[in-house]
$ cat protein.cif   # mmCIF, C-alpha atoms and all ligand atoms
data_final
#
loop_
_atom_site.label_atom_id
_atom_site.label_comp_id
_atom_site.auth_asym_id
_atom_site.auth_seq_id
_atom_site.Cartn_x
_atom_site.Cartn_y
_atom_site.Cartn_z
CA MET A 1 13.40 -11.57 -25.62
CA LYS A 2 13.79 -9.33 -22.60
CA PRO A 3 10.36 -7.85 -21.85
CA ASP A 4 10.06 -4.28 -20.59
CA LEU A 5 8.60 -4.45 -17.07
CA SER A 6 9.06 -0.78 -16.22
CA VAL A 7 6.10 1.39 -15.22
CA LYS A 8 5.62 5.04 -14.26
CA ILE A 9 3.89 6.27 -11.12
CA GLY A 10 3.90 10.07 -11.17
CA LYS A 11 7.54 11.11 -11.52
CA LEU A 12 8.74 7.69 -10.40
CA LYS A 13 9.99 5.17 -12.89
CA LEU A 14 9.91 1.64 -11.45
CA LYS A 15 11.98 -1.09 -13.12
CA ASN A 16 9.12 -3.50 -12.48
CA PRO A 17 5.57 -3.15 -11.13
CA VAL A 18 6.00 -5.13 -7.90
CA MET A 19 6.21 -3.45 -4.50
CA VAL A 20 5.68 -4.53 -0.93
CA ALA A 21 2.64 -3.18 0.93
CA SER A 22 2.92 -0.82 3.87
CA GLY A 23 3.07 -2.44 7.30
CA THR A 24 3.84 -5.92 6.04
CA PHE A 25 7.56 -5.51 5.34
CA GLY A 26 8.71 -3.38 8.27
CA TYR A 27 11.55 -1.13 7.14
CA ALA A 28 12.95 -3.94 4.92
CA GLU A 29 15.98 -4.70 7.08
CA GLU A 30 14.32 -7.81 8.56
CA PHE A 31 13.94 -9.25 5.04
CA SER A 32 17.44 -8.47 3.76
CA SER A 33 18.94 -11.85 4.67
CA LEU A 34 16.05 -13.70 3.01
CA MET A 35 15.99 -12.10 -0.43
CA ASP A 36 17.66 -9.74 -2.88
CA LEU A 37 15.80 -6.51 -2.06
CA LYS A 38 17.26 -4.80 -5.15
CA LYS A 39 14.94 -6.85 -7.35
CA LEU A 40 11.82 -5.08 -6.03
CA GLY A 41 10.11 -2.35 -8.05
CA ALA A 42 9.75 -0.25 -4.88
CA ILE A 43 9.49 -0.54 -1.12
CA VAL A 44 6.64 1.06 0.83
CA THR A 45 7.54 1.59 4.47
CA LYS A 46 5.40 0.86 7.48
CA THR A 47 3.24 3.95 8.11
CA ILE A 48 5.08 6.71 10.00
CA THR A 49 3.51 9.39 12.17
CA LEU A 50 4.93 12.65 13.52
CA LYS A 51 5.32 11.33 17.07
CA PRO A 52 6.08 7.70 18.02
CA ARG A 53 3.03 5.47 18.53
CA LYS A 54 2.81 2.35 20.69
CA GLY A 55 -0.07 0.87 18.71
CA ASN A 56 -2.88 -1.22 20.15
CA PRO A 57 -2.55 -3.79 22.97
CA PRO A 58 -2.12 -7.49 22.07
CA PRO A 59 -3.46 -9.75 20.68
CA ARG A 60 -3.12 -7.64 17.52
CA THR A 61 -3.25 -10.32 14.83
CA VAL A 62 -5.35 -13.42 14.30
CA GLU A 63 -5.43 -15.92 11.46
CA THR A 64 -8.79 -16.37 9.71
CA ALA A 65 -10.00 -18.57 6.85
CA ALA A 66 -7.99 -17.51 3.79
CA GLY A 67 -6.57 -14.45 5.47
CA MET A 68 -5.68 -12.61 8.65
CA LEU A 69 -6.98 -9.85 10.86
CA ASN A 70 -4.72 -7.15 12.26
CA ALA A 71 -5.21 -4.26 14.62
CA ILE A 72 -1.62 -3.04 14.96
CA GLY A 73 -2.76 0.57 15.33
CA LEU A 74 0.20 2.13 13.51
CA GLU A 75 2.96 1.29 15.97
CA ASN A 76 6.00 3.19 14.71
CA PRO A 77 9.00 5.11 16.06
CA GLY A 78 7.96 8.52 14.65
CA ILE A 79 9.45 10.49 11.77
CA LYS A 80 12.65 11.62 13.53
CA VAL A 81 13.77 8.12 14.51
CA PHE A 82 12.68 6.79 11.10
CA ILE A 83 14.95 9.26 9.31
CA LYS A 84 17.86 8.69 11.69
CA ASP A 85 17.69 4.90 12.18
CA LYS A 86 15.66 3.30 9.38
CA LEU A 87 16.15 5.41 6.26
CA PRO A 88 19.95 4.96 5.97
CA PHE A 89 19.50 1.21 5.40
CA LEU A 90 16.57 1.72 2.99
CA LYS A 91 18.54 4.30 0.95
CA LYS A 92 21.38 1.87 0.36
CA ILE A 93 19.14 -0.76 -1.28
CA GLY A 94 18.90 1.22 -4.51
CA VAL A 95 15.15 0.95 -5.19
CA PRO A 96 12.59 3.75 -4.84
CA ILE A 97 11.52 4.23 -1.23
CA ILE A 98 7.89 5.23 -0.75
CA VAL A 99 7.26 6.54 2.76
CA SER A 100 3.76 5.90 4.09
CA ILE A 101 2.45 8.59 6.46
CA SER A 102 -0.57 9.02 8.70
CA ALA A 103 -1.66 11.85 11.01
CA ASP A 104 -4.43 12.99 13.31
CA ASN A 105 -5.14 16.17 11.37
CA ASP A 106 -4.33 18.08 8.15
CA SER A 107 -1.55 20.21 9.61
CA GLU A 108 0.34 17.15 10.88
CA PHE A 109 0.06 15.58 7.42
CA VAL A 110 1.49 18.78 5.92
CA GLU A 111 4.30 18.90 8.48
CA LEU A 112 5.28 15.30 7.68
CA ALA A 113 5.20 16.00 3.95
CA LYS A 114 7.42 19.07 4.37
CA ILE A 115 9.97 17.07 6.36
CA LEU A 116 10.03 14.26 3.77
CA ASN A 117 10.22 16.75 0.92
CA LYS A 118 13.65 17.83 2.09
CA THR A 119 14.86 14.39 3.14
CA ASN A 120 17.37 12.77 0.84
CA GLY A 121 16.49 9.22 -0.19
CA VAL A 122 12.71 9.52 -0.16
CA SER A 123 11.19 8.90 -3.62
CA ALA A 124 7.49 9.29 -2.90
CA ILE A 125 4.87 9.68 -0.20
CA GLU A 126 1.95 7.34 0.33
CA LEU A 127 -0.82 9.04 2.27
CA ASN A 128 -2.43 6.42 4.44
CA LEU A 129 -5.96 7.80 4.71
CA SER A 130 -7.29 4.37 5.49
CA CYS A 131 -6.06 2.85 8.75
CA PRO A 132 -9.05 1.07 10.33
CA ASN A 133 -7.47 0.63 13.77
CA LEU A 134 -7.17 4.12 15.23
CA GLY A 135 -10.37 4.28 17.26
CA THR A 136 -11.68 7.25 15.27
CA SER A 137 -15.30 7.20 14.13
CA ARG A 138 -14.38 7.69 10.47
CA MET A 139 -11.32 7.19 8.30
CA VAL A 140 -10.41 10.22 6.17
CA SER A 141 -10.91 8.25 2.96
CA GLN A 142 -14.48 7.38 3.92
CA LEU A 143 -15.38 10.99 3.16
CA ASP A 144 -14.81 12.56 -0.24
CA LYS A 145 -14.52 16.14 1.03
CA ALA A 146 -12.00 15.23 3.75
CA THR A 147 -9.98 13.21 1.23
CA TYR A 148 -9.89 16.19 -1.13
CA ARG A 149 -8.86 18.57 1.65
CA VAL A 150 -5.95 16.47 2.96
CA VAL A 151 -4.60 15.56 -0.48
CA ARG A 152 -4.80 19.20 -1.62
CA ALA A 153 -2.94 20.42 1.48
CA VAL A 154 -0.18 17.81 1.17
CA ARG A 155 0.10 18.35 -2.59
CA ALA A 156 0.91 22.00 -1.95
CA ALA A 157 3.61 21.01 0.55
CA THR A 158 5.67 18.59 -1.54
CA LYS A 159 7.05 18.06 -5.01
CA LEU A 160 7.48 14.34 -4.33
CA THR A 161 5.27 11.85 -6.11
CA LEU A 162 2.09 11.58 -4.05
CA ILE A 163 0.15 8.33 -3.74
CA THR A 164 -3.19 8.26 -1.88
CA LYS A 165 -4.14 4.98 -0.20
CA LEU A 166 -7.86 4.40 0.15
CA THR A 167 -10.02 2.29 2.40
CA PRO A 168 -12.35 -0.22 0.76
CA ASN A 169 -14.85 0.37 3.59
CA VAL A 170 -17.08 2.66 1.51
CA THR A 171 -20.10 2.26 -0.72
CA ASP A 172 -18.71 4.28 -3.64
CA ILE A 173 -14.95 3.87 -4.08
CA GLY A 174 -15.05 5.82 -7.37
CA LEU A 175 -16.32 8.93 -5.57
CA ILE A 176 -13.38 8.92 -3.13
CA ALA A 177 -10.85 8.18 -5.89
CA ARG A 178 -12.17 11.11 -7.93
CA ALA A 179 -11.86 13.40 -4.89
CA ALA A 180 -8.20 12.40 -4.50
CA THR A 181 -7.42 12.96 -8.18
CA ALA A 182 -9.28 16.29 -8.21
CA ALA A 183 -6.85 17.31 -5.45
CA ASP A 184 -3.94 16.25 -7.71
CA THR A 185 -2.72 12.99 -6.27
CA ASP A 186 -0.30 11.27 -8.67
CA ALA A 187 -1.66 7.79 -8.00
CA ILE A 188 -4.24 5.85 -6.03
CA SER A 189 -3.33 2.84 -3.96
CA LEU A 190 -5.99 0.35 -2.94
CA VAL A 191 -7.11 -1.56 -1.06
CA ASN A 192 -6.31 -1.20 2.61
CA THR A 193 -7.93 -3.81 4.87
CA PHE A 194 -11.64 -4.53 5.36
CA LEU A 195 -13.14 -3.86 8.81
CA ALA A 196 -13.82 -7.23 10.37
CA MET A 197 -13.76 -9.23 13.60
CA ALA A 198 -13.16 -12.70 15.02
CA VAL A 199 -14.94 -14.16 18.04
CA ASP A 200 -13.94 -16.84 20.55
CA LYS A 201 -17.22 -18.57 21.36
CA ASP A 202 -15.92 -20.23 24.57
CA SER A 203 -14.51 -17.16 26.29
CA ARG A 204 -17.20 -15.09 24.53
CA ARG A 205 -14.59 -12.51 23.77
CA PRO A 206 -13.37 -10.93 20.58
CA LYS A 207 -10.05 -12.49 19.48
CA LEU A 208 -8.46 -9.06 19.02
CA ALA A 209 -7.95 -6.80 22.04
CA ASN A 210 -9.08 -3.93 19.80
CA VAL A 211 -12.33 -5.90 19.16
CA THR A 212 -12.29 -5.14 15.43
CA GLY A 213 -9.42 -5.21 12.96
CA GLY A 214 -8.60 -5.19 9.27
CA LEU A 215 -9.02 -8.28 7.09
CA SER A 216 -6.37 -9.01 4.46
CA GLY A 217 -5.16 -11.91 2.33
CA PRO A 218 -6.78 -14.16 -0.31
CA ALA A 219 -10.23 -13.75 1.30
CA ILE A 220 -10.41 -10.14 0.08
CA LYS A 221 -8.91 -10.60 -3.40
CA PRO A 222 -12.13 -10.69 -5.46
CA ILE A 223 -13.44 -7.50 -3.81
CA ALA A 224 -10.06 -5.76 -4.17
CA LEU A 225 -9.96 -6.73 -7.86
CA ARG A 226 -13.40 -5.26 -8.42
CA MET A 227 -12.39 -2.01 -6.74
CA VAL A 228 -9.13 -1.72 -8.69
CA TRP A 229 -11.02 -2.36 -11.92
CA GLU A 230 -13.70 0.19 -11.03
CA VAL A 231 -11.25 2.92 -9.98
CA SER A 232 -8.87 2.43 -12.91
CA ARG A 233 -11.80 3.03 -15.29
CA THR A 234 -12.83 6.14 -13.36
CA VAL A 235 -9.59 8.11 -12.90
CA TYR A 236 -6.67 8.96 -15.17
CA VAL A 237 -3.87 8.40 -12.66
CA PRO A 238 -2.18 5.02 -12.13
CA VAL A 239 -3.70 2.60 -9.63
CA ILE A 240 -1.50 0.47 -7.38
CA GLY A 241 -3.49 -2.69 -6.68
CA MET A 242 -3.28 -4.93 -3.65
CA GLY A 243 -5.40 -7.31 -1.61
CA GLY A 244 -4.60 -11.00 -1.40
CA ILE A 245 -1.77 -11.11 -3.95
CA MET A 246 0.11 -14.32 -3.09
CA ASN A 247 1.66 -15.31 -6.42
CA THR A 248 2.28 -14.31 -10.05
CA GLU A 249 -1.18 -15.31 -11.19
CA ASP A 250 -2.83 -13.03 -8.61
CA ALA A 251 -0.54 -10.13 -9.60
CA MET A 252 -1.32 -10.60 -13.30
CA GLU A 253 -5.05 -10.56 -12.57
CA PHE A 254 -4.71 -7.14 -10.90
CA ILE A 255 -2.65 -5.80 -13.81
CA VAL A 256 -5.13 -7.03 -16.40
CA ALA A 257 -7.97 -5.54 -14.31
CA GLY A 258 -6.28 -2.11 -14.43
CA ALA A 259 -3.44 -1.89 -11.90
CA THR A 260 -0.28 -0.19 -13.16
CA ALA A 261 1.64 -1.68 -10.23
CA VAL A 262 0.86 -4.19 -7.49
CA ALA A 263 1.82 -4.61 -3.84
CA VAL A 264 2.29 -7.80 -1.86
CA GLY A 265 1.14 -7.63 1.78
CA THR A 266 -0.06 -10.70 3.67
CA GLY A 267 1.71 -12.82 1.04
CA SER A 268 5.08 -11.84 2.56
CA PHE A 269 4.04 -13.42 5.89
CA VAL A 270 3.37 -16.75 4.19
CA ASN A 271 6.40 -16.61 1.91
CA PRO A 272 8.89 -13.79 2.64
CA SER A 273 10.22 -13.87 -0.94
CA ALA A 274 6.77 -13.93 -2.60
CA SER A 275 7.31 -10.41 -4.03
CA ILE A 276 10.60 -11.34 -5.71
CA GLU A 277 9.14 -14.58 -7.05
CA ILE A 278 6.32 -12.52 -8.56
CA VAL A 279 8.84 -10.23 -10.34
CA ASP A 280 10.47 -13.30 -11.91
CA GLY A 281 7.07 -14.87 -12.62
CA ILE A 282 5.79 -11.80 -14.48
CA LYS A 283 8.97 -11.74 -16.57
CA ARG A 284 8.54 -15.42 -17.48
CA TYR A 285 4.85 -14.92 -18.28
CA LEU A 286 5.58 -12.07 -20.69
CA GLN A 287 8.34 -14.07 -22.36
CA ALA A 288 6.10 -17.13 -22.76
CA GLN A 289 3.28 -14.98 -24.18
CA LYS A 290 5.74 -13.02 -26.38
CA ILE A 291 4.55 -9.73 -24.88
CA LYS A 292 7.30 -7.09 -25.16
CA ASP A 293 5.93 -4.50 -22.76
CA ILE A 294 3.96 -4.85 -19.51
CA GLU A 295 2.06 -1.68 -20.53
CA ASP A 296 0.23 -3.81 -23.12
CA LEU A 297 -1.34 -5.82 -20.30
CA ILE A 298 -2.35 -3.01 -17.93
CA GLY A 299 -6.13 -2.68 -17.98
CA SER A 300 -6.38 -5.06 -20.94
CA ILE A 301 -9.46 -6.81 -19.50
CA LYS A 302 -12.26 -7.27 -22.01
CA CYS A 303 -15.70 -6.68 -20.58
C1 LIG B 401 -0.04 -6.74 9.77
C2 LIG B 401 -0.46 -5.68 8.80
C3 LIG B 401 -0.07 -4.36 9.03
C4 LIG B 401 -0.46 -3.34 8.14
N1 LIG B 401 -0.04 -2.07 8.38
C5 LIG B 401 -0.33 -1.10 7.46
C6 LIG B 401 0.20 0.21 7.61
O1 LIG B 401 0.95 0.51 8.54
N2 LIG B 401 -0.15 1.12 6.67
C7 LIG B 401 -0.94 0.84 5.59
O2 LIG B 401 -1.21 1.71 4.76
N3 LIG B 401 -1.43 -0.41 5.42
C8 LIG B 401 -1.15 -1.38 6.31
N4 LIG B 401 -1.62 -2.65 6.12
C9 LIG B 401 -2.46 -2.93 4.94
C10 LIG B 401 -1.64 -3.51 3.78
O3 LIG B 401 -0.65 -2.59 3.35
C11 LIG B 401 -2.55 -3.88 2.59
O4 LIG B 401 -3.17 -2.70 2.11
C12 LIG B 401 -3.64 -4.88 2.96
O5 LIG B 401 -3.17 -5.82 3.89
C13 LIG B 401 -4.19 -5.62 1.73
O6 LIG B 401 -3.18 -6.36 1.07
P1 LIG B 401 -2.86 -7.92 1.36
O7 LIG B 401 -4.17 -8.66 1.31
O8 LIG B 401 -1.90 -8.33 0.30
O9 LIG B 401 -2.27 -7.98 2.72
C14 LIG B 401 -1.25 -3.68 7.01
C15 LIG B 401 -1.64 -5.00 6.78
C16 LIG B 401 -1.25 -6.00 7.65
C17 LIG B 401 -1.66 -7.42 7.37
#
$ encode --input "protein.cif" --output "structure tokens"
Amino acid sequence: MKPDLSVKIGKLKLKNPVMVASGTFGYAEEFSSLMDLKKLGAIVTKTITLKPRKGNPPPRTVETAAGMLNAIGLENPGIKVFIKDKLPFLKKIGVPIIVSISADNDSEFVELAKILNKTNGVSAIELNLSCPNLGTSRMVSQLDKATYRVVRAVRAATKLTLITKLTPNVTDIGLIARAATAADTDAISLVNTFLAMAVDKDSRRPKLANVTGGLSGPAIKPIALRMVWEVSRTVYVPVIGMGGIMNTEDAMEFIVAGATAVAVGTGSFVNPSASIEIVDGIKRYLQAQKIKDIEDLIGSIKC
């Protein structure tokens, strides 16, 4: 039996539900000698901004128990260089390319969306409303009204499938997810990293130059699962789940909890081909369980 692994996210049809998370897979080229990129359900690019950004000073990453902290600060070459130098390689892979974008204000978000809307080879936009490392007092997705406003403005500027990526650093994730869907996002992606820090007791300094950073990896998985479960019961659009997915078992847990698709982030640092192994693992699991269609598992949790 060949199980059907395909899922729909807005207008996008993915041949399987496994993608790579923004910022953890570069622009894919670095991984091309290590794995068959064509096997992925989709690739989400590192977040792009209108102008190039240098990011934060080093050290920008630190390993923690069961995870890592990062404070990269959205280093990227800017949209022009991305389209000229990075997109041609991505286009050739033959899987949907989801371009993650961030901006300092609504009009920059709209400008980016308009550019991508007319760029050949872009399948969808992921609005990163959740970067914790930009030195601003609040992230857009910590506020329901701001989330609504940005999503609404971008929605009007593009026909591309629109995914909104939320921060978990809120007390009511359902409220923010409902604001994004009220503004017509096609899907919700969560979670981005948790605000955290690491301290060197001898130097009495923070281990990150940025002082705080975002925690990712297995340490956050149970909280991410709870948020994916909660949001998928609250909104009618697909949820893309991530947070500590290292192997097939983790991915299946997110799908059963309510995720239509999953993304591998920190897992790719530990094992660059983790995402591809998860695609094969899900296929084998469905075959062993005699489940014909992955859709039968999405949100199948009994509680
Ligand atoms: C080094 C690093 C860089 C990241 N950069 C981005 C980014 O540019 N844009 C974004 O939306 N998320 C970024 N993230 C967050 C991941 O996409 C993901 O949401 C988060 O790490 C949780 O998944 P994980 O536990 O599987 O890593 C980054 C994460 C890491 C570890």
$ closest_residue --input "protein.cif" --among "A:Pro168, A:Gly121, A:Gly23, A:Gly265" --to "Ser141 of chain A" --atoms "only C-alpha atoms"
A:Pro168
$ residues_near_ligand --input "protein.cif" --ligand "ligand LIG 401 (chain B)" --cutoff "8 Å" --atoms "only C-alpha atoms and all ligand atoms" --output "ChimeraX atom specification"
/A:20-24,45-48,61,67-75,100-101,126-131,165,190-193,214-221,242-246,263-267
$ residues_near_point --input "protein.cif" --point "(9.2, -10.8, 4.6)" --cutoff "8 Å" --atoms "all atoms listed in the file" --output "PyMOL selection string"
chain A and resi 24-25+28+30-31+34+268-269+271-273
$ atom_distance --input "protein.cif" --atom1 "atom CA of Asp296 of chain A" --atom2 "atom CA of Met252 of chain A"
12.0 Å
$ atom_distance --input "protein.cif" --atom1 "atom CA of Asp184 of chain A" --atom2 "atom CA of Ile255 of chain A"
22.9 Å
$ residues_around --input "protein.cif" --residues "Met197 of chain A" --least-positions-apart "4" --cutoff "7 Å" --atoms "all atoms listed in the file" --output "MDAnalysis selection string"
chainID A and resid 211:213
$ closest_residue --input "protein.cif" --among "A:Ile301, A:Ala183, A:Val18, A:Leu40" --to "Ile240 of chain A" --atoms "only C-alpha atoms"
A:Val18
$ closest_residue --input "protein.cif" --among "A:Ala209, A:Ile93, A:Ile115, A:Leu143" --to "Asn56 of chain A" --atoms "all atoms listed in the file"
A:Ala209
$ atom_distance --input "protein.cif" --atom1 "atom CA of Val228 of chain A" --atom2 "atom CA of Ala187 of chain A"
12.1 Å
$ closest_residue --input "protein.cif" --among "A:Ala261, A:Leu112, A:Ala66, A:Ile9" --to "Ala157 of chain A" --atoms "all atoms listed in the file"
A:Leu112
$ residues_around --input "protein.cif" --residues "segment 232-235 of chain A" --least-positions-apart "5" --cutoff "8 Å" --atoms "only C-alpha atoms" --output "PyMOL selection string"
chain A and resi 174+177-178+181+258-259+299
$ closest_residue --input "protein.cif" --among "A:Gly78, A:Lys84, A:Phe89, A:Leu286" --to "Ser32 of chain A" --atoms "all atoms listed in the file"
A:Phe89
$ build_atoms --input "protein.cif" --residues "segment 260-275 of chain A" --atoms "N, CA and C atoms" --output "PDB file, in the frame of the given file"
ATOM      1  N   THR A 260      -1.567  -0.481 -12.525  1.00  0.00           N
ATOM      2  CA  THR A 260      -0.280  -0.190 -13.160  1.00  0.00           C
ATOM      3  C   THR A 260       0.848  -0.870 -12.386  1.00  0.00           C
ATOM      4  N   ALA A 261       0.669  -0.979 -11.078  1.00  0.00           N
ATOM      5  CA  ALA A 261       1.640  -1.680 -10.230  1.00  0.00           C
ATOM      6  C   ALA A 261       0.850  -2.456  -9.180  1.00  0.00           C
ATOM      7  N   VAL A 262       1.541  -3.386  -8.516  1.00  0.00           N
ATOM      8  CA  VAL A 262       0.860  -4.190  -7.490  1.00  0.00           C
ATOM      9  C   VAL A 262       1.712  -4.196  -6.226  1.00  0.00           C
ATOM     10  N   ALA A 263       1.065  -4.494  -5.091  1.00  0.00           N
ATOM     11  CA  ALA A 263       1.820  -4.610  -3.840  1.00  0.00           C
ATOM     12  C   ALA A 263       1.450  -5.920  -3.149  1.00  0.00           C
ATOM     13  N   VAL A 264       2.477  -6.544  -2.587  1.00  0.00           N
ATOM     14  CA  VAL A 264       2.290  -7.800  -1.860  1.00  0.00           C
ATOM     15  C   VAL A 264       2.285  -7.485  -0.367  1.00  0.00           C
ATOM     16  N   GLY A 265       1.240  -7.895   0.343  1.00  0.00           N
ATOM     17  CA  GLY A 265       1.140  -7.630   1.780  1.00  0.00           C
ATOM     18  C   GLY A 265       1.208  -8.923   2.567  1.00  0.00           C
ATOM     19  N   THR A 266       0.032  -9.474   2.891  1.00  0.00           N
ATOM     20  CA  THR A 266      -0.060 -10.700   3.670  1.00  0.00           C
ATOM     21  C   THR A 266       0.775 -11.828   3.045  1.00  0.00           C
ATOM     22  N   GLY A 267       0.907 -11.807   1.742  1.00  0.00           N
ATOM     23  CA  GLY A 267       1.710 -12.820   1.040  1.00  0.00           C
ATOM     24  C   GLY A 267       3.125 -12.925   1.572  1.00  0.00           C
ATOM     25  N   SER A 268       3.707 -11.809   2.035  1.00  0.00           N
ATOM     26  CA  SER A 268       5.080 -11.840   2.560  1.00  0.00           C
ATOM     27  C   SER A 268       5.169 -12.575   3.898  1.00  0.00           C
ATOM     28  N   PHE A 269       4.041 -12.668   4.623  1.00  0.00           N
ATOM     29  CA  PHE A 269       4.040 -13.420   5.890  1.00  0.00           C
ATOM     30  C   PHE A 269       4.089 -14.925   5.617  1.00  0.00           C
ATOM     31  N   VAL A 270       3.435 -15.328   4.537  1.00  0.00           N
ATOM     32  CA  VAL A 270       3.370 -16.750   4.190  1.00  0.00           C
ATOM     33  C   VAL A 270       4.681 -17.182   3.532  1.00  0.00           C
ATOM     34  N   ASN A 271       5.159 -16.335   2.638  1.00  0.00           N
ATOM     35  CA  ASN A 271       6.400 -16.610   1.910  1.00  0.00           C
ATOM     36  C   ASN A 271       7.166 -15.294   1.779  1.00  0.00           C
ATOM     37  N   PRO A 272       8.203 -15.089   2.611  1.00  0.00           N
ATOM     38  CA  PRO A 272       8.890 -13.790   2.640  1.00  0.00           C
ATOM     39  C   PRO A 272       9.397 -13.349   1.260  1.00  0.00           C
ATOM     40  N   SER A 273       9.724 -14.301   0.375  1.00  0.00           N
ATOM     41  CA  SER A 273      10.220 -13.870  -0.940  1.00  0.00           C
ATOM     42  C   SER A 273       9.144 -13.894  -2.017  1.00  0.00           C
ATOM     43  N   ALA A 274       7.862 -13.905  -1.615  1.00  0.00           N
ATOM     44  CA  ALA A 274       6.770 -13.930  -2.600  1.00  0.00           C
ATOM     45  C   ALA A 274       6.907 -12.776  -3.611  1.00  0.00           C
ATOM     46  N   SER A 275       7.244 -11.572  -3.129  1.00  0.00           N
ATOM     47  CA  SER A 275       7.310 -10.410  -4.030  1.00  0.00           C
ATOM     48  C   SER A 275       8.353 -10.602  -5.131  1.00  0.00           C
TER      49      SER A 275
END
